[in-house]
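Novice: What follows is input-v8.txt, compact mmCIF, C-alpha atoms and all ligand atoms.
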# COMPACT_ATOMS: atom_id res chain seq x y z
CA MET Z 995 0.00 0.00 0.00
CA LEU Z 996 2.75 2.42 1.02
CA GLY Z 997 4.66 1.58 -2.19
CA TYR Z 998 1.54 2.35 -4.28
CA ILE Z 999 1.03 5.71 -2.54
CA ARG Z 1000 4.69 6.64 -2.88
CA LYS Z 1001 4.51 6.05 -6.64
CA ARG Z 1002 1.73 8.65 -6.84
CA LEU Z 1003 3.58 11.33 -4.84
CA VAL Z 1004 4.67 14.57 -6.51
CA ARG Z 1005 8.20 13.74 -7.69
CA SER Z 1006 11.40 15.63 -6.95
CA VAL Z 1007 14.62 15.79 -8.95
CA LEU Z 1008 16.54 16.01 -5.65
CA SER Z 1009 18.23 12.92 -4.25
CA LYS Z 1010 18.14 11.51 -0.74
CA GLU Z 1011 21.73 12.80 -0.38
CA ASP Z 1012 20.48 16.33 -1.17
CA PHE Z 1013 17.89 16.04 1.58
CA GLU Z 1014 20.51 14.66 4.00
CA GLU Z 1015 22.68 17.70 3.29
CA VAL Z 1016 19.68 20.01 3.81
CA TYR Z 1017 18.85 18.32 7.13
CA ARG Z 1018 22.49 18.67 8.20
CA LEU Z 1019 22.55 22.39 7.33
CA LEU Z 1020 19.29 22.93 9.17
CA ASP Z 1021 20.48 21.37 12.41
CA VAL Z 1022 21.46 24.81 13.73
CA PRO Z 1023 19.01 26.36 16.23
CA PRO Z 1024 17.74 29.92 15.59
CA LEU Z 1025 19.08 31.35 18.89
CA GLU Z 1026 22.03 30.60 21.18
CA SER Z 1027 19.48 29.79 23.90
CA ASP Z 1028 16.42 27.53 23.59
CA CYS Z 1029 13.78 29.70 21.92
CA GLY Z 1030 11.06 27.26 23.08
CA GLU Z 1031 11.45 28.71 26.59
CA LEU Z 1032 10.22 32.09 25.29
CA CYS Z 1033 6.85 30.82 24.18
CA GLY Z 1034 6.17 27.34 25.56
CA ARG Z 1035 7.11 25.78 22.20
CA LYS Z 1036 4.11 27.29 20.47
CA CYS Z 1037 5.14 26.14 17.00
CA CYS Z 1038 4.90 22.53 18.25
CA GLN Z 1039 1.64 23.02 20.18
CA GLU Z 1040 -0.23 25.77 18.45
CA TYR Z 1041 -3.76 24.87 19.56
CA GLU Z 1042 -3.12 21.46 21.13
CA PRO Z 1043 -0.06 19.20 21.30
CA GLY Z 1044 0.89 18.36 17.75
CA VAL Z 1045 1.14 20.16 14.45
CA GLY Z 1046 0.38 19.12 10.89
CA MET Z 1047 2.59 19.99 7.97
CA TYR Z 1048 3.26 19.09 4.37
CA LEU Z 1049 6.54 17.49 3.42
CA LEU Z 1050 8.33 18.82 0.36
CA PRO Z 1051 8.35 16.63 -2.75
CA GLY Z 1052 11.10 14.05 -2.19
CA GLU Z 1053 11.38 14.70 1.55
CA GLU Z 1054 9.57 11.42 2.25
CA SER Z 1055 12.90 9.74 1.44
CA MET Z 1056 14.02 10.84 4.94
CA PHE Z 1057 11.25 8.76 6.57
CA THR Z 1058 10.09 5.15 6.62
CA GLY Z 1059 6.40 6.12 6.82
CA ARG Z 1060 6.08 4.06 10.01
CA GLU Z 1061 7.46 6.56 12.55
CA PRO Z 1062 5.40 6.13 15.75
CA TRP Z 1063 5.57 9.89 16.45
CA LEU Z 1064 3.94 10.83 13.13
CA ARG Z 1065 0.50 10.26 11.61
CA TRP Z 1066 0.57 10.22 7.82
CA SER Z 1067 -2.00 11.16 5.24
CA TYR Z 1068 -1.73 12.03 1.57
CA LYS Z 1069 -3.49 14.93 -0.16
CA LEU Z 1070 -4.10 15.56 -3.82
CA ALA Z 1071 -2.02 18.60 -4.73
CA ARG Z 1072 -4.73 20.03 -6.99
CA HIS Z 1073 -7.20 20.15 -4.07
CA HIS Z 1074 -4.85 22.25 -1.98
CA ASP Z 1075 -2.91 25.45 -2.29
CA PHE Z 1076 0.00 24.17 -4.42
CA PRO Z 1077 1.26 25.39 -7.79
CA GLY Z 1078 -0.40 23.97 -10.91
CA SER Z 1079 2.88 22.21 -11.77
CA TRP Z 1080 2.41 19.84 -8.79
CA LYS Z 1081 0.65 16.68 -10.03
CA GLY Z 1082 -0.20 13.83 -7.67
CA LEU Z 1083 -0.17 13.36 -3.92
CA VAL Z 1084 1.62 15.38 -1.25
CA ALA Z 1085 2.53 13.78 2.09
CA PHE Z 1086 0.96 15.45 5.12
CA VAL Z 1087 2.32 14.52 8.56
CA MET Z 1088 0.92 15.25 11.98
CA CYS Z 1089 3.20 15.02 15.00
CA ARG Z 1090 2.08 14.68 18.62
CA GLY Z 1091 3.92 17.74 19.94
CA THR Z 1092 7.24 15.98 20.52
CA CYS Z 1093 9.69 14.37 18.13
CA PRO Z 1094 13.19 12.97 17.89
CA ARG Z 1095 14.78 16.35 17.11
CA GLU Z 1096 17.20 14.97 14.53
CA LYS Z 1097 14.22 13.66 12.51
CA ARG Z 1098 12.04 16.77 12.41
CA PRO Z 1099 10.86 17.86 8.95
CA ILE Z 1100 12.23 20.79 6.94
CA GLN Z 1101 9.28 23.01 7.82
CA CYS Z 1102 10.23 22.77 11.53
CA ARG Z 1103 13.93 23.33 10.79
CA THR Z 1104 13.45 26.46 8.66
CA PHE Z 1105 10.91 28.22 10.87
CA PRO Z 1106 10.83 31.14 11.84
CA LEU Z 1107 12.42 31.89 8.46
CA MET Z 1108 10.90 31.13 5.08
CA PRO Z 1109 12.49 31.18 1.64
CA TYR Z 1110 11.67 34.18 -0.52
CA LEU Z 1111 12.06 34.47 -4.30
CA SER Z 1112 11.85 38.00 -5.68
CA PRO Z 1113 9.72 38.52 -8.82
CA GLU Z 1114 13.07 38.46 -10.69
CA GLY Z 1115 13.87 35.07 -9.18
CA GLU Z 1116 16.51 36.02 -6.63
CA LEU Z 1117 16.52 33.82 -3.51
CA ALA Z 1118 16.62 35.23 0.03
CA VAL Z 1119 15.21 34.27 3.41
CA ARG Z 1120 12.65 36.30 5.34
CA LEU Z 1121 10.92 36.08 8.70
CA ASP Z 1122 7.85 33.89 8.19
CA THR Z 1123 5.19 36.45 9.03
CA LEU Z 1124 2.59 34.34 7.17
CA ALA Z 1125 2.82 31.51 9.73
CA GLY Z 1126 4.57 33.20 12.65
CA SER Z 1127 2.92 36.57 13.29
CA LEU Z 1128 0.47 35.20 15.83
CA ILE Z 1129 2.66 32.65 17.58
CA CYS Z 1130 6.39 33.29 17.39
CA PRO Z 1131 8.27 35.85 19.52
CA LEU Z 1132 11.18 35.67 17.09
CA VAL Z 1133 8.86 36.94 14.35
CA THR Z 1134 7.00 39.54 16.43
CA GLY Z 1135 10.12 40.83 18.22
CA PRO Z 1136 13.08 40.40 15.88
CA ASP Z 1137 14.97 43.29 17.55
CA ARG Z 1138 14.70 41.63 20.97
CA HIS Z 1139 15.61 38.18 19.63
CA PRO Z 1140 18.12 38.49 16.77
CA LEU Z 1141 18.66 35.20 14.95
CA ARG Z 1142 22.10 33.54 14.92
CA SER Z 1143 23.92 34.44 11.72
CA GLU Z 1144 24.87 30.77 11.24
CA PHE Z 1145 21.19 29.83 11.31
CA VAL Z 1146 20.27 32.49 8.72
CA GLU Z 1147 23.20 31.52 6.45
CA ASN Z 1148 22.43 27.81 6.66
CA VAL Z 1149 18.73 28.28 5.97
CA LEU Z 1150 19.66 30.20 2.82
CA LYS Z 1151 22.16 27.49 1.79
CA ALA Z 1152 19.54 24.79 2.37
CA TRP Z 1153 16.95 26.57 0.24
CA ARG Z 1154 19.53 27.08 -2.51
CA ILE Z 1155 19.71 23.29 -2.71
CA LEU Z 1156 15.95 22.78 -2.40
CA THR Z 1157 15.02 25.35 -5.05
CA ARG Z 1158 17.13 23.49 -7.62
CA ASP Z 1159 13.95 21.44 -7.88
CA PRO Z 1160 11.63 23.34 -10.26
CA LEU Z 1161 8.49 22.24 -8.40
CA ILE Z 1162 9.81 23.40 -5.03
CA ARG Z 1163 10.90 26.63 -6.71
CA ASP Z 1164 7.35 27.11 -8.06
CA ASP Z 1165 5.96 26.69 -4.56
CA VAL Z 1166 8.47 29.10 -3.01
CA PHE Z 1167 7.65 31.62 -5.75
CA GLN Z 1168 3.92 31.29 -4.99
CA GLN Z 1169 4.44 31.66 -1.22
CA SER Z 1170 6.67 34.69 -1.85
CA ARG Z 1171 3.90 36.46 -3.74
CA LYS Z 1172 1.63 35.80 -0.74
CA LEU Z 1173 4.24 37.36 1.50
CA ASP Z 1174 4.38 40.40 -0.83
CA GLU Z 1175 0.59 40.72 -0.64
CA ASP Z 1176 0.64 40.35 3.14
CA GLU Z 1177 3.35 42.99 3.52
CA ASN Z 1178 1.32 45.41 1.38
CA SER Z 1179 -1.98 44.68 3.10
CA PRO Z 1180 -3.66 47.65 4.85
CA TRP Z 1181 -4.64 45.19 7.67
CA ARG Z 1182 -1.03 44.26 8.38
CA GLY Z 1183 -0.06 44.76 12.01
CA LEU Z 1184 -3.61 45.41 13.21
CA PHE Z 1185 -3.98 42.02 14.85
CA THR Z 1186 -0.50 41.41 16.22
S1 LIG A 1201 7.24 29.67 18.12
FE1 LIG A 1201 9.19 30.68 17.60
S2 LIG A 1201 10.17 31.08 19.59
FE2 LIG A 1201 8.58 29.55 19.94
S3 LIG A 1201 9.66 27.56 19.77
FE3 LIG A 1201 8.79 28.06 17.74
S4 LIG A 1201 10.50 29.11 16.65
FE4 LIG A 1201 11.00 29.13 18.85
S1 LIG A 1202 7.81 17.58 14.35
FE1 LIG A 1202 8.90 18.16 16.21
S2 LIG A 1202 9.68 20.23 15.81
FE2 LIG A 1202 8.07 19.80 14.29
S3 LIG A 1202 6.16 20.62 15.17
FE3 LIG A 1202 6.31 18.45 15.75
S4 LIG A 1202 7.32 18.43 17.75
FE4 LIG A 1202 7.69 20.43 16.83
Let me see the file written as structure tokens.
Ligand code: SF4
Ligand code: SF4

Specialist:
Amino acid sequence: MLGYIRKRLVRSVLSKEDFEEVYRLLDVPPLESDCGELCGRKCCQEYEPGVGMYLLPGEESMFTGREPWLRWSYKLARHHDFPGSWKGLVAFVMCRGTCPREKRPIQCRTFPLMPYLSPEGELAVRLDTLAGSLICPLVTGPDRHPLRSEFVENVLKAWRILTRDPLIRDDVFQQSRKLDEDENSPWRGLFT
């Protein structure tokens, strides 16, 4: 069954070795101290213990699909907010609010930064105000909690590898336009 589902997943041109390198780069914490102590680990327990997230195409190669700390489901890309170039299923995992840290997915490793592609296609990293404005003190108070430069540099290096995949690049481009819209919204800042 798992083999059948995996054949229908959105494919990546990246190899397992690429993902291993990305995981290695993203093993640097955002602050010198444990940022979870600032907020009670909100990004792992937003409303209740456990958070759901999509894996990137190809990231499933870092998992067996039988991890006891994850619940798996698979969503059709066209029914969700993914670029039109994504055809097939996308893995969605739900943790229980704790994990073996060395196994956590890319979304948990990158946050509170997100990749940003300018309209001209230049890659940078930005604070993830789309996901973090309501929960993360590192996003709402960047002056009080400056991020480690090694973290920022490594997140950028990791996304340079990941955006070699055209489908991941399409998704980053789409999310970046949402960030542009959010930054230009007249409502911005009213609820934070
Ligand atoms: S919400 Fe922000 S400060 Fe809190 S644990 Fe997550 S990344 Fe760290
Ligand atoms: S997988 Fe780990 S780091 Fe990611 S949200 Fe769950 S507990 Fe937090």

Novice: Which residues are near ligand LIG 1201 (chain A) in this structure, taking near to mean any atom at most 7 Å from a ligand atom and counting only C-alpha atoms and all ligand atoms? Format them as a list in words.

Specialist: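 Using only C-alpha atoms and all ligand atoms, I find these residues within 7 Å of ligand LIG 1201 (chain A): Cys1029, Gly1030, Leu1032, Cys1033, Gly1034, Arg1035, Lys1036, Cys1037, Cys1038, Phe1105, Pro1106, Ile1129, Cys1130, Pro1131 and Leu1132 of chain Z.
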
Novice: Could you please extract the residues within 9 Å of ligand LIG 1202 (chain A), counting only C-alpha atoms and all ligand atoms, and hand them back as a PyMOL selection string?

Specialist: chain Z and resi 1035-1040+1043-1047+1063-1064+1087-1095+1097-1103

Novice: Find the residues with any atom within 10 Å of (25.5, 30.9, 13.9); use only C-alpha atoms and the coordinates as given in the file, and write the answer as JSON, numbers by chain.

Specialist: {"Z": [1022, 1023, 1024, 1025, 1026, 1141, 1142, 1143, 1144, 1145, 1146, 1147, 1148]}

Novice: Near Arg1000 of chain Z, within 10 Å and counting only C-alpha atoms, which residues show up once chain neighbours fewer than 5 positions away are dropped, as a JSON list (two decimals) with C-alpha atoms, in the frame of the given file?

Specialist:
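Below is the file part29.json, written as the result:
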[["chain", "number", "residue", "atom", "x", "y", "z"],
["Z", 995, "MET", "CA", 0.00, 0.00, 0.00],
["Z", 1005, "ARG", "CA", 8.20, 13.74, -7.69],
["Z", 1052, "GLY", "CA", 11.10, 14.05, -2.19],
["Z", 1054, "GLU", "CA", 9.57, 11.42, 2.25],
["Z", 1055, "SER", "CA", 12.90, 9.74, 1.44],
["Z", 1059, "GLY", "CA", 6.40, 6.12, 6.82],
["Z", 1068, "TYR", "CA", -1.73, 12.03, 1.57],
["Z", 1082, "GLY", "CA", -0.20, 13.83, -7.67],
["Z", 1083, "LEU", "CA", -0.17, 13.36, -3.92],
["Z", 1084, "VAL", "CA", 1.62, 15.38, -1.25],
["Z", 1085, "ALA", "CA", 2.53, 13.78, 2.09]]

Novice: For atom CA of Lys1172 of chain Z and atom CA of Val1004 of chain Z, quote the distance in Å rounded to one decimal.

Specialist: 22.2 Å

Novice: Please report the interatomic distance between atom CA of Ile1162 of chain Z and atom CA of Met1056 of chain Z in Å with one decimal.

Specialist: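 Pair atom CA of Ile1162 of chain Z / atom CA of Met1056 of chain Z returns 16.6 Å.
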
Novice: Smallest atom-to-atom distance to Asp1122 of chain Z: which of Z:Leu996, Z:Met1108, Z:Leu1020, Z:Leu1173, using only C-alpha atoms?

Specialist: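 Of Z:Leu996, Z:Met1108, Z:Leu1020, Z:Leu1173, the one nearest Asp1122 of chain Z is Z:Met1108, counting only C-alpha atoms.
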